[in-house]
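Colleague: Sharing model.cif below, mmCIF, C-alpha atoms:
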```
data_target
loop_
_atom_site.group_PDB
_atom_site.id
_atom_site.type_symbol
_atom_site.label_atom_id
_atom_site.label_comp_id
_atom_site.auth_asym_id
_atom_site.auth_seq_id
_atom_site.Cartn_x
_atom_site.Cartn_y
_atom_site.Cartn_z
ATOM 1 C CA GLY A 1 10.226 -67.387 2.885
ATOM 2 C CA ARG A 2 6.639 -66.644 1.767
ATOM 3 C CA SER A 3 6.975 -62.841 2.359
ATOM 4 C CA ALA A 4 10.301 -62.685 0.485
ATOM 5 C CA THR A 5 8.751 -64.568 -2.433
ATOM 6 C CA SER A 6 5.782 -62.156 -2.579
ATOM 7 C CA ARG A 7 8.106 -59.123 -2.492
ATOM 8 C CA HIS A 8 10.180 -60.631 -5.294
ATOM 9 C CA LYS A 9 7.072 -61.183 -7.419
ATOM 10 C CA SER A 10 5.773 -57.624 -6.860
ATOM 11 C CA THR A 11 9.168 -56.163 -7.758
ATOM 12 C CA THR A 12 9.382 -58.300 -10.898
ATOM 13 C CA ARG A 13 5.862 -57.249 -11.891
ATOM 14 C CA GLN A 14 6.666 -53.527 -11.333
ATOM 15 C CA VAL A 15 9.808 -53.792 -13.502
ATOM 16 C CA ALA A 16 7.824 -55.463 -16.258
ATOM 17 C CA ILE A 17 5.145 -52.761 -16.124
ATOM 18 C CA GLU A 18 7.779 -50.029 -16.355
ATOM 19 C CA MET A 19 9.420 -51.718 -19.348
ATOM 20 C CA GLU A 20 6.076 -52.028 -21.126
ATOM 21 C CA THR A 21 5.233 -48.410 -20.351
ATOM 22 C CA SER A 22 8.569 -47.185 -21.742
ATOM 23 C CA LEU A 23 7.828 -48.972 -25.059
ATOM 24 C CA LEU A 24 4.504 -47.132 -25.456
ATOM 25 C CA PRO A 25 4.256 -43.805 -27.366
ATOM 26 C CA PRO A 26 4.385 -40.643 -25.145
ATOM 27 C CA SER A 27 0.724 -39.886 -25.819
ATOM 28 C CA GLN A 28 -0.371 -43.332 -24.522
ATOM 29 C CA ARG A 29 1.775 -43.400 -21.395
ATOM 30 C CA PRO A 30 -0.093 -43.067 -18.072
ATOM 31 C CA SER A 31 0.425 -39.948 -16.017
ATOM 32 C CA SER A 32 2.800 -40.054 -13.089
ATOM 33 C CA SER A 33 1.476 -40.464 -9.627
ATOM 34 C CA PRO A 34 0.781 -37.438 -7.332
ATOM 35 C CA LEU A 35 3.655 -38.457 -5.066
ATOM 36 C CA ARG A 36 6.081 -38.417 -7.980
ATOM 37 C CA ARG A 37 4.850 -34.993 -9.083
ATOM 38 C CA ARG A 38 5.287 -33.595 -5.567
ATOM 39 C CA GLN A 39 8.828 -34.946 -5.425
ATOM 40 C CA LEU A 40 9.697 -33.317 -8.755
ATOM 41 C CA ALA A 41 8.205 -29.997 -7.629
ATOM 42 C CA MET A 42 10.211 -30.102 -4.405
ATOM 43 C CA VAL A 43 13.431 -30.775 -6.296
ATOM 44 C CA ALA A 44 12.698 -27.887 -8.662
ATOM 45 C CA CYS A 45 12.120 -25.514 -5.723
ATOM 46 C CA ILE A 46 15.376 -26.517 -4.059
ATOM 47 C CA VAL A 47 17.343 -26.047 -7.276
ATOM 48 C CA GLY A 48 15.752 -22.641 -7.859
ATOM 49 C CA ALA A 49 16.564 -21.493 -4.312
ATOM 50 C CA LEU A 50 20.187 -22.596 -4.705
ATOM 51 C CA CYS A 51 20.442 -20.672 -7.974
ATOM 52 C CA VAL A 52 19.065 -17.489 -6.347
ATOM 53 C CA VAL A 53 21.532 -17.758 -3.454
ATOM 54 C CA ALA A 54 24.440 -18.368 -5.812
ATOM 55 C CA ILE A 55 23.559 -15.397 -8.018
ATOM 56 C CA SER A 56 22.987 -13.033 -5.074
ATOM 57 C CA SER A 57 26.261 -14.009 -3.379
ATOM 58 C CA TRP A 58 28.448 -13.821 -6.492
ATOM 59 C CA SER A 59 30.773 -10.826 -6.710
ATOM 60 C CA PRO A 60 33.166 -10.171 -9.621
ATOM 61 C CA SER A 61 35.832 -8.595 -7.464
ATOM 62 C CA ASN A 62 35.305 -10.726 -4.354
ATOM 63 C CA SER A 63 35.551 -7.508 -2.342
ATOM 64 C CA LEU A 64 32.916 -8.389 0.249
ATOM 65 C CA GLY A 65 30.891 -11.393 1.355
ATOM 66 C CA LEU A 66 27.313 -12.456 0.725
ATOM 67 C CA ALA A 67 25.592 -9.232 1.803
ATOM 68 C CA PRO A 68 27.936 -6.262 1.615
ATOM 69 C CA VAL A 69 26.598 -3.238 3.419
ATOM 70 C CA LEU A 70 28.840 -0.536 2.076
ATOM 71 C CA SER A 71 30.891 -0.509 -1.066
ATOM 72 C CA ARG A 72 34.619 -0.474 -0.548
ATOM 73 C CA THR A 73 36.540 2.263 -2.282
ATOM 74 C CA THR A 74 40.243 1.956 -2.857
ATOM 75 C CA LEU A 75 42.370 4.985 -3.620
ATOM 76 C CA GLN A 76 45.385 4.679 -5.836
ATOM 77 C CA ILE A 77 47.870 7.546 -6.157
ATOM 78 C CA ARG A 78 49.992 7.357 -9.293
ATOM 79 C CA PRO A 79 52.409 9.876 -10.702
ATOM 80 C CA SER A 80 51.455 11.412 -14.011
ATOM 81 C CA THR A 81 53.428 10.862 -17.202
ATOM 82 C CA ALA A 82 54.946 14.356 -16.934
ATOM 83 C CA GLY A 83 56.014 13.738 -13.363
ATOM 84 C CA ARG A 84 54.639 17.095 -12.073
ATOM 85 C CA ASN A 85 51.142 16.448 -10.833
ATOM 86 C CA THR A 86 49.675 13.641 -8.795
ATOM 87 C CA ARG A 87 46.457 12.121 -9.942
ATOM 88 C CA VAL A 88 44.081 10.449 -7.527
ATOM 89 C CA SER A 89 41.835 7.855 -9.042
ATOM 90 C CA ALA A 90 39.068 6.199 -7.109
ATOM 91 C CA ARG A 91 37.895 2.781 -8.047
ATOM 92 C CA ALA A 92 34.728 1.479 -6.376
ATOM 93 C CA ASN A 93 34.330 -2.251 -6.125
ATOM 94 C CA SER A 94 30.726 -2.926 -5.287
ATOM 95 C CA HIS A 95 28.194 -5.543 -6.084
ATOM 96 C CA TRP A 96 25.778 -4.940 -8.983
ATOM 97 C CA MET A 97 22.850 -5.622 -6.680
ATOM 98 C CA GLU A 98 24.098 -2.880 -4.339
ATOM 99 C CA LYS A 99 24.014 -0.453 -7.243
ATOM 100 C CA LEU A 100 20.522 -1.562 -8.139
ATOM 101 C CA GLY A 101 19.345 -1.159 -4.535
ATOM 102 C CA ALA A 102 21.025 2.226 -4.195
ATOM 103 C CA GLY A 103 19.432 3.409 -7.431
ATOM 104 C CA ALA A 104 15.992 2.259 -6.304
ATOM 105 C CA ALA A 105 16.435 3.951 -2.934
ATOM 106 C CA ALA A 106 17.563 7.183 -4.570
ATOM 107 C CA PHE A 107 14.653 7.058 -6.997
ATOM 108 C CA GLY A 108 12.175 6.521 -4.159
ATOM 109 C CA LEU A 109 13.699 9.294 -2.081
ATOM 110 C CA ALA A 110 13.583 11.697 -5.007
ATOM 111 C CA GLY A 111 9.954 10.812 -5.664
ATOM 112 C CA ALA A 112 9.037 11.311 -2.024
ATOM 113 C CA MET A 113 10.793 14.658 -1.956
ATOM 114 C CA SER A 114 9.169 15.815 -5.179
ATOM 115 C CA MET A 115 5.673 14.659 -4.219
ATOM 116 C CA GLY A 116 5.806 15.624 -0.583
ATOM 117 C CA THR A 117 4.352 18.858 0.731
ATOM 118 C CA PRO A 118 6.954 21.251 2.123
ATOM 119 C CA MET A 119 6.524 22.331 5.677
ATOM 120 C CA PRO A 120 5.374 25.934 5.960
ATOM 121 C CA ALA A 121 7.722 28.393 7.555
ATOM 122 C CA VAL A 122 6.666 29.368 11.061
ATOM 123 C CA ALA A 123 6.604 33.125 11.542
ATOM 124 C CA SER A 124 7.843 34.567 14.839
ATOM 125 C CA GLU A 125 8.691 37.861 16.482
ATOM 126 C CA TYR A 126 12.408 37.308 15.905
ATOM 127 C CA ASP A 127 11.884 37.571 12.149
ATOM 128 C CA VAL A 128 10.522 41.074 12.674
ATOM 129 C CA LEU A 129 13.246 42.112 15.104
ATOM 130 C CA ASP A 130 15.960 40.959 12.720
ATOM 131 C CA ALA A 131 14.482 42.754 9.710
ATOM 132 C CA SER A 132 16.196 45.947 8.577
ATOM 133 C CA GLY A 133 12.913 47.318 7.255
ATOM 134 C CA PRO A 134 9.463 46.356 5.961
ATOM 135 C CA THR A 135 9.533 43.559 3.401
ATOM 136 C CA THR A 136 6.900 45.010 1.042
ATOM 137 C CA GLY A 137 6.907 48.777 0.791
ATOM 138 C CA TYR A 138 5.753 49.998 4.181
ATOM 139 C CA ILE A 139 4.303 46.665 5.311
ATOM 140 C CA MET A 140 5.803 43.561 6.893
ATOM 141 C CA ASP A 141 3.115 40.891 6.958
ATOM 142 C CA ASP A 142 4.945 38.242 8.952
ATOM 143 C CA ALA A 143 1.770 36.602 10.349
ATOM 144 C CA PRO A 144 0.689 36.430 7.430
ATOM 145 C CA CYS A 145 -2.880 37.732 7.463
ATOM 146 C CA LEU A 146 -3.130 40.454 4.786
ATOM 147 C CA GLN A 147 -4.474 40.022 1.287
ATOM 148 C CA LYS A 148 -2.306 41.042 -1.651
ATOM 149 C CA GLY A 149 -4.868 43.488 -3.018
ATOM 150 C CA SER A 150 -5.332 45.208 0.343
ATOM 151 C CA GLU A 151 -1.577 45.299 0.838
ATOM 152 C CA LYS A 152 -1.081 47.113 -2.473
ATOM 153 C CA LYS A 153 -3.771 49.710 -1.680
ATOM 154 C CA MET A 154 -2.311 50.350 1.760
ATOM 155 C CA ASN A 155 1.174 50.765 0.299
ATOM 156 C CA ASP A 156 -0.181 53.415 -2.089
ATOM 157 C CA ILE A 157 -1.789 55.287 0.806
ATOM 158 C CA LEU A 158 1.314 55.040 2.999
ATOM 159 C CA SER A 159 3.550 56.148 0.140
ATOM 160 C CA TYR A 160 1.413 59.257 -0.359
ATOM 161 C CA LEU A 161 1.587 60.014 3.372
ATOM 162 C CA ASP A 162 5.365 59.671 3.363
ATOM 163 C CA VAL A 163 6.147 61.549 0.188
ATOM 164 C CA GLY A 164 3.269 64.021 0.096
ATOM 165 C CA LYS A 165 2.697 64.795 3.777
ATOM 166 C CA GLY A 166 5.971 63.827 5.419
ATOM 167 C CA TYR A 167 4.476 61.223 7.793
ATOM 168 C CA LYS A 168 5.949 57.743 7.640
ATOM 169 C CA LEU A 169 3.829 54.853 8.915
ATOM 170 C CA ASP A 170 5.017 51.235 8.874
ATOM 171 C CA VAL A 171 2.661 48.301 9.464
ATOM 172 C CA VAL A 172 3.747 45.022 11.058
ATOM 173 C CA THR A 173 1.732 41.851 11.616
ATOM 174 C CA VAL A 174 3.127 39.004 13.684
ATOM 175 C CA ARG A 175 1.569 35.713 14.679
ATOM 176 C CA LYS A 176 2.587 35.832 18.355
ATOM 177 C CA LEU A 177 5.009 37.522 20.720
ATOM 178 C CA GLU A 178 7.995 35.618 22.057
ATOM 179 C CA GLU A 179 10.301 38.300 23.476
ATOM 180 C CA SER A 180 8.322 41.532 23.882
ATOM 181 C CA PRO A 181 5.751 41.637 26.707
ATOM 182 C CA ASP A 182 3.103 43.415 24.590
ATOM 183 C CA ALA A 183 2.441 44.894 21.174
ATOM 184 C CA ASP A 184 3.307 48.460 22.269
ATOM 185 C CA THR A 185 6.813 47.348 23.278
ATOM 186 C CA LEU A 186 7.398 45.689 19.905
ATOM 187 C CA ALA A 187 6.086 48.794 18.122
ATOM 188 C CA SER A 188 8.510 50.987 20.085
ATOM 189 C CA LYS A 189 11.439 48.698 19.212
ATOM 190 C CA MET A 190 10.623 48.777 15.526
ATOM 191 C CA LEU A 191 10.126 52.542 15.589
ATOM 192 C CA ASP A 192 13.629 53.008 17.045
ATOM 193 C CA LYS A 193 15.104 50.669 14.429
ATOM 194 C CA TRP A 194 13.224 51.773 11.299
ATOM 195 C CA SER A 195 12.663 55.478 11.838
ATOM 196 C CA ASN A 196 16.194 56.422 10.690
ATOM 197 C CA LYS A 197 16.778 60.076 11.626
ATOM 198 C CA ASP A 198 13.208 61.398 11.355
ATOM 199 C CA LYS A 199 11.676 59.647 14.335
ATOM 200 C CA SER A 200 9.372 62.541 15.207
ATOM 201 C CA ASN A 201 7.291 62.105 12.029
ATOM 202 C CA SER A 202 7.317 58.289 12.016
ATOM 203 C CA ALA A 203 5.069 55.619 13.515
ATOM 204 C CA VAL A 204 4.733 51.831 13.579
ATOM 205 C CA LEU A 205 1.445 49.957 13.823
ATOM 206 C CA VAL A 206 1.730 46.376 15.156
ATOM 207 C CA LEU A 207 -0.955 43.685 15.144
ATOM 208 C CA VAL A 208 -0.469 40.415 17.041
ATOM 209 C CA VAL A 209 -2.861 37.997 15.371
ATOM 210 C CA LYS A 210 -2.928 35.314 18.060
ATOM 211 C CA ASN A 211 -4.598 37.448 20.734
ATOM 212 C CA SER A 212 -5.722 40.405 18.527
ATOM 213 C CA GLU A 213 -3.445 42.791 20.409
ATOM 214 C CA VAL A 214 -2.645 46.111 18.738
ATOM 215 C CA GLY A 215 0.184 48.545 19.425
ATOM 216 C CA LEU A 216 0.863 51.971 17.918
ATOM 217 C CA ALA A 217 4.153 53.752 18.639
ATOM 218 C CA ALA A 218 4.698 57.199 17.093
ATOM 219 C CA GLY A 219 6.991 60.226 17.287
ATOM 220 C CA ASP A 220 6.008 63.562 18.794
ATOM 221 C CA ASN A 221 4.918 65.299 15.585
ATOM 222 C CA PHE A 222 3.017 62.218 14.414
ATOM 223 C CA VAL A 223 1.118 61.961 17.707
ATOM 224 C CA LYS A 224 0.381 65.702 17.690
ATOM 225 C CA ALA A 225 -1.067 65.583 14.182
ATOM 226 C CA LEU A 226 -3.035 62.391 14.809
ATOM 227 C CA GLY A 227 -4.180 62.977 18.383
ATOM 228 C CA GLU A 228 -3.840 60.602 21.290
ATOM 229 C CA ASP A 229 -7.565 59.871 21.492
ATOM 230 C CA LYS A 230 -7.732 59.129 17.783
ATOM 231 C CA ALA A 231 -4.666 56.925 18.023
ATOM 232 C CA ALA A 232 -6.229 54.888 20.841
ATOM 233 C CA SER A 233 -9.527 54.640 18.934
ATOM 234 C CA ILE A 234 -7.800 53.440 15.773
ATOM 235 C CA ALA A 235 -5.785 50.820 17.646
ATOM 236 C CA GLN A 236 -8.556 49.415 19.827
ATOM 237 C CA GLU A 237 -11.908 50.252 18.221
ATOM 238 C CA THR A 238 -10.905 49.683 14.601
ATOM 239 C CA VAL A 239 -7.927 47.344 14.177
ATOM 240 C CA GLY A 240 -8.516 45.427 17.392
ATOM 241 C CA TYR A 241 -12.270 45.209 16.849
ATOM 242 C CA PHE A 242 -12.032 43.577 13.426
ATOM 243 C CA ALA A 243 -9.144 41.357 14.550
ATOM 244 C CA ASN A 244 -11.267 40.002 17.392
ATOM 245 C CA GLN A 245 -13.906 39.077 14.839
ATOM 246 C CA GLY A 246 -11.354 37.112 12.821
ATOM 247 C CA ARG A 247 -10.921 39.826 10.149
ATOM 248 C CA PRO A 248 -7.399 41.201 10.667
ATOM 249 C CA ASN A 249 -7.046 42.225 7.023
ATOM 250 C CA GLN A 250 -10.062 44.514 7.233
ATOM 251 C CA GLY A 251 -8.939 45.869 10.604
ATOM 252 C CA VAL A 252 -5.508 46.950 9.351
ATOM 253 C CA SER A 253 -6.986 48.393 6.138
ATOM 254 C CA GLU A 254 -9.584 50.452 7.992
ATOM 255 C CA GLY A 255 -6.984 51.638 10.502
ATOM 256 C CA VAL A 256 -4.674 52.873 7.728
ATOM 257 C CA LYS A 257 -7.604 54.647 6.060
ATOM 258 C CA ARG A 258 -8.485 56.459 9.270
ATOM 259 C CA ILE A 259 -4.888 57.547 9.863
ATOM 260 C CA ASN A 260 -4.635 58.795 6.288
ATOM 261 C CA ALA A 261 -7.893 60.753 6.570
ATOM 262 C CA ILE A 262 -6.842 62.470 9.781
ATOM 263 C CA LEU A 263 -3.299 63.354 8.659
ATOM 264 C CA THR A 264 -4.468 64.672 5.284
ATOM 265 C CA GLY A 265 -7.143 66.912 6.830
ATOM 266 C CA GLU A 266 -10.136 64.853 5.694
ATOM 267 C CA THR A 267 -13.054 63.798 7.835
ATOM 268 C CA ASP A 268 -12.348 60.842 10.068
ATOM 269 C CA PRO A 269 -14.742 58.028 9.137
ATOM 270 C CA GLY A 270 -14.646 56.975 12.770
ATOM 271 C CA ALA A 271 -14.720 53.597 14.397
ATOM 272 C CA PRO A 272 -17.128 50.962 13.115
ATOM 273 C CA GLU A 273 -20.437 50.586 14.833
ATOM 274 C CA ILE A 274 -19.972 47.982 17.494
ATOM 275 C CA LYS A 275 -22.881 45.588 17.404
ATOM 276 C CA GLU A 276 -23.750 43.922 20.661
ATOM 277 C CA TYR A 277 -25.135 40.511 20.112
ATOM 278 C CA ARG A 278 -27.520 39.471 22.857
ATOM 279 C CA LYS A 279 -27.369 35.790 23.376
ATOM 280 C CA GLU A 280 -30.727 34.321 24.211
ATOM 281 C CA ARG A 281 -30.876 31.748 26.933
ATOM 282 C CA THR A 282 -31.470 28.267 25.526
ATOM 283 C CA TYR A 283 -31.791 26.477 28.860
ATOM 284 C CA LYS A 284 -34.266 26.505 31.731
ATOM 285 C CA THR A 285 -33.571 27.828 35.187
ATOM 286 C CA LYS A 286 -33.943 25.712 38.306
ATOM 287 C CA GLU A 287 -37.312 27.267 39.140
ATOM 288 C CA GLU A 288 -38.628 26.603 35.630
ATOM 289 C CA THR A 289 -37.396 23.027 35.801
ATOM 290 C CA ASP A 290 -39.062 22.447 39.178
ATOM 291 C CA VAL A 291 -42.397 23.830 37.912
ATOM 292 C CA ALA A 292 -42.277 21.614 34.802
ATOM 293 C CA ARG A 293 -41.316 18.640 36.908
ATOM 294 C CA GLY A 294 -44.273 19.222 39.272
ATOM 295 C CA ALA A 295 -46.696 19.409 36.357
ATOM 296 C CA SER A 296 -45.277 16.184 34.973
ATOM 297 C CA TYR A 297 -45.798 14.464 38.296
ATOM 298 C CA GLN A 298 -49.442 15.577 38.377
ATOM 299 C CA VAL A 299 -50.111 14.306 34.867
ATOM 300 C CA VAL A 300 -48.497 10.936 35.582
ATOM 301 C CA GLY A 301 -50.422 10.610 38.854
ATOM 302 C CA ALA A 302 -53.724 11.365 37.145
ATOM 303 C CA LEU A 303 -53.060 8.766 34.445
ATOM 304 C CA LEU A 304 -52.200 6.113 37.030
ATOM 305 C CA LEU A 305 -55.332 6.918 38.992
ATOM 306 C CA ILE A 306 -57.479 6.559 35.907
ATOM 307 C CA ALA A 307 -55.754 3.305 34.975
ATOM 308 C CA PHE A 308 -56.602 1.766 38.357
ATOM 309 C CA VAL A 309 -59.989 3.291 39.191
ATOM 310 C CA VAL A 310 -61.783 2.890 35.858
ATOM 311 C CA PRO A 311 -61.318 -0.914 35.634
ATOM 312 C CA MET A 312 -62.416 -1.277 39.262
ATOM 313 C CA LEU A 313 -65.586 0.729 38.636
ATOM 314 C CA GLN A 314 -66.337 -1.334 35.556
ATOM 315 C CA TYR A 315 -65.870 -4.556 37.513
ATOM 316 C CA ALA A 316 -68.149 -3.275 40.305
ATOM 317 C CA GLY A 317 -70.837 -2.461 37.774
ATOM 318 C CA TYR A 318 -70.678 -5.952 36.261
ATOM 319 C CA VAL A 319 -70.918 -7.579 39.696
ATOM 320 C CA GLN A 320 -73.994 -5.570 40.716
ATOM 321 C CA LYS A 321 -75.806 -6.551 37.493
ATOM 322 C CA ASP A 322 -75.180 -10.219 38.193
#
```
Would you give me this structure, written as structure tokens?
Modeller:
Amino acid sequence: GRSATSRHKSTTRQVAIEMETSLLPPSQRPSSSPLRRRQLAMVACIVGALCVVAISSWSPSNSLGLAPVLSRTTLQIRPSTAGRNTRVSARANSHWMEKLGAGAAAFGLAGAMSMGTPMPAVASEYDVLDASGPTTGYIMDDAPCLQKGSEKKMNDILSYLDVGKGYKLDVVTVRKLEESPDADTLASKMLDKWSNKDKSNSAVLVLVVKNSEVGLAAGDNFVKALGEDKAASIAQETVGYFANQGRPNQGVSEGVKRINAILTGETDPGAPEIKEYRKERTYKTKEETDVARGASYQVVGALLLIAFVVPMLQYAGYVQKD
């Protein structure tokens, strides 16, 4: 009975306090307790979540459920008013959020495609074999390794050789070989394909950039006018030499200049002076290492001897004085 009476009194007091509080102006009312505020916040969160779910699951046409994956398209075939043609009308029933998502995805994809860096085309021997002729004048730089300025000058020289002297020389650069066993074989294939009917006065110079391999295939009259020794020197000592040094553009340019000088009756500038770089040894031999090691041992031994003997001699001197 006592506990029930106390509960009744506390309840009556709480009701009285609430009634008095309700009669006060809003500015003088006490703030709600932290528990009450947490309860109100929780209720607000639940109501907000329910609203989001209801809006996201609503569909005007009720075509699909809560999360449609693909929009459903219905086709209706109706006869025209004239009765001759048949008109097909497509009506897409999709959710407005699907359209928004599809638009955002398309916008992102377009931005990625516009801002992305295109992958460079990979050159190969098959591009050369499939070509019906040089891509730029007398040159097909498929590697690519030639500069535009050098390419223009070489085209002028090769055009003069073809038109003025009757000797046609085509230049091909390729990154690596995939079908032909060597550069000479590829040069012979391109000579047969590009020489047309005047094969005797035609030639093809091929440079494989990956391993600096050079091939020169020429017709009988071209070889006779150029000379076999000169042809070998141009291929190996000029084009191949500069290509091995990482300068293929200079190698091809100098090779074309030498061929032009020989075929036009001018003095051959000859192959570049091959500089032999002597690499100095930066390490010691075994004998030199053993000698240095022996000297080090002697120095360390002498220092240890001094470290032990000198203190002992000093101590002996002090003892004799005493």
Colleague: For Asn260 (chain A), which residue among A:Ser132, A:Asn155, A:Ser180, A:Asn211 is the nearest when counting only C-alpha atoms?
Modeller: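 Using only C-alpha atoms, Asn260 (chain A) sits closest to A:Asn155.
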Colleague: Using all atoms listed in the file, which of the listed residues (A:Leu146, A:Val171, A:Ala131, A:Leu305) sits closest to Val256 (chain A)?
Modeller: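 Distance minimum relative to Val256 (chain A) lands on A:Val171.
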Colleague: Need the shell around region 214-231 of chain A: protein/DNA/RNA residues with any atom at most 6 Å away, counting only C-alpha atoms. Skip same-chain ones fewer than 5 positions apart. Format as a count of residues only?
Modeller: 13
Colleague: Which residue, A:Cys145, A:Leu158, A:Ile259, A:Leu177, has the smallest gap to Ala243 (chain A) when you use only C-alpha atoms?
Modeller: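 Using only C-alpha atoms, Ala243 (chain A) sits closest to A:Cys145.
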Colleague: Please provide the set of residues having any atom within 12 Å of Glu178 (chain A), restricted to only C-alpha atoms, with same-chain residues fewer than 4 positions apart removed, written as a list in words.
Modeller: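 Within the cut-off, the hits are Ala123, Ser124, Glu125, Tyr126, Asp127, Val128, Leu129, Val174, Asp182, Ala183, Thr185, Leu186, Val208 and Lys210 of chain A.
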Colleague: Could those selected residues go to a file with C-alpha atoms, as a PDB file, keeping the file's coordinate frame?
Modeller:
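Dumped everything to selection_8.pdb:
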```pdb
ATOM      1  CA  ALA A 123       6.604  33.125  11.542  1.00  0.00           C
ATOM      2  CA  SER A 124       7.843  34.567  14.839  1.00  0.00           C
ATOM      3  CA  GLU A 125       8.691  37.861  16.482  1.00  0.00           C
ATOM      4  CA  TYR A 126      12.408  37.308  15.905  1.00  0.00           C
ATOM      5  CA  ASP A 127      11.884  37.571  12.149  1.00  0.00           C
ATOM      6  CA  VAL A 128      10.522  41.074  12.674  1.00  0.00           C
ATOM      7  CA  LEU A 129      13.246  42.112  15.104  1.00  0.00           C
ATOM      8  CA  VAL A 174       3.127  39.004  13.684  1.00  0.00           C
ATOM      9  CA  ASP A 182       3.103  43.415  24.590  1.00  0.00           C
ATOM     10  CA  ALA A 183       2.441  44.894  21.174  1.00  0.00           C
ATOM     11  CA  THR A 185       6.813  47.348  23.278  1.00  0.00           C
ATOM     12  CA  LEU A 186       7.398  45.689  19.905  1.00  0.00           C
ATOM     13  CA  VAL A 208      -0.469  40.415  17.041  1.00  0.00           C
ATOM     14  CA  LYS A 210      -2.928  35.314  18.060  1.00  0.00           C
TER      15      LYS A 210
END
```
Colleague: Hey, can you check how far CA of Glu273 (chain A) sits from CA of Ser150 (chain A)?
Modeller: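 Separation of CA of Glu273 (chain A) and CA of Ser150 (chain A): 21.6 Å.
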Colleague: Tell me, in Å to one decimal, how far CA of Pro248 (chain A) is from CA of Met140 (chain A).
Modeller: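 The value is 13.9 Å.
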Colleague: For Thr173 (chain A), which residue among A:Pro144, A:Pro311, A:Gly270, A:Gly149 is the nearest when counting only C-alpha atoms?
Modeller: A:Pro144
Colleague: Nearest to Arg247 (chain A) among A:Gln147, A:Tyr297, A:Asp170, A:Ile274, with distances taken over all atoms listed in the file: which residue is it?
Modeller: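 Using all atoms listed in the file, Arg247 (chain A) sits closest to A:Gln147.
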Colleague: So how many Å separate CA of Asp162 (chain A) and CA of Pro181 (chain A), to one decimal?
Modeller: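 We find that CA of Asp162 (chain A) and CA of Pro181 (chain A) lie 29.5 Å from each other.
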Colleague: Let me make sure I understand: among A:Glu254, A:Ser233, A:Lys176, A:Ser195, which one has the smallest atom-to-atom distance to Glu151 (chain A) if we use only C-alpha atoms?
Modeller: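 Closest to Glu151 (chain A), using only C-alpha atoms: A:Glu254.
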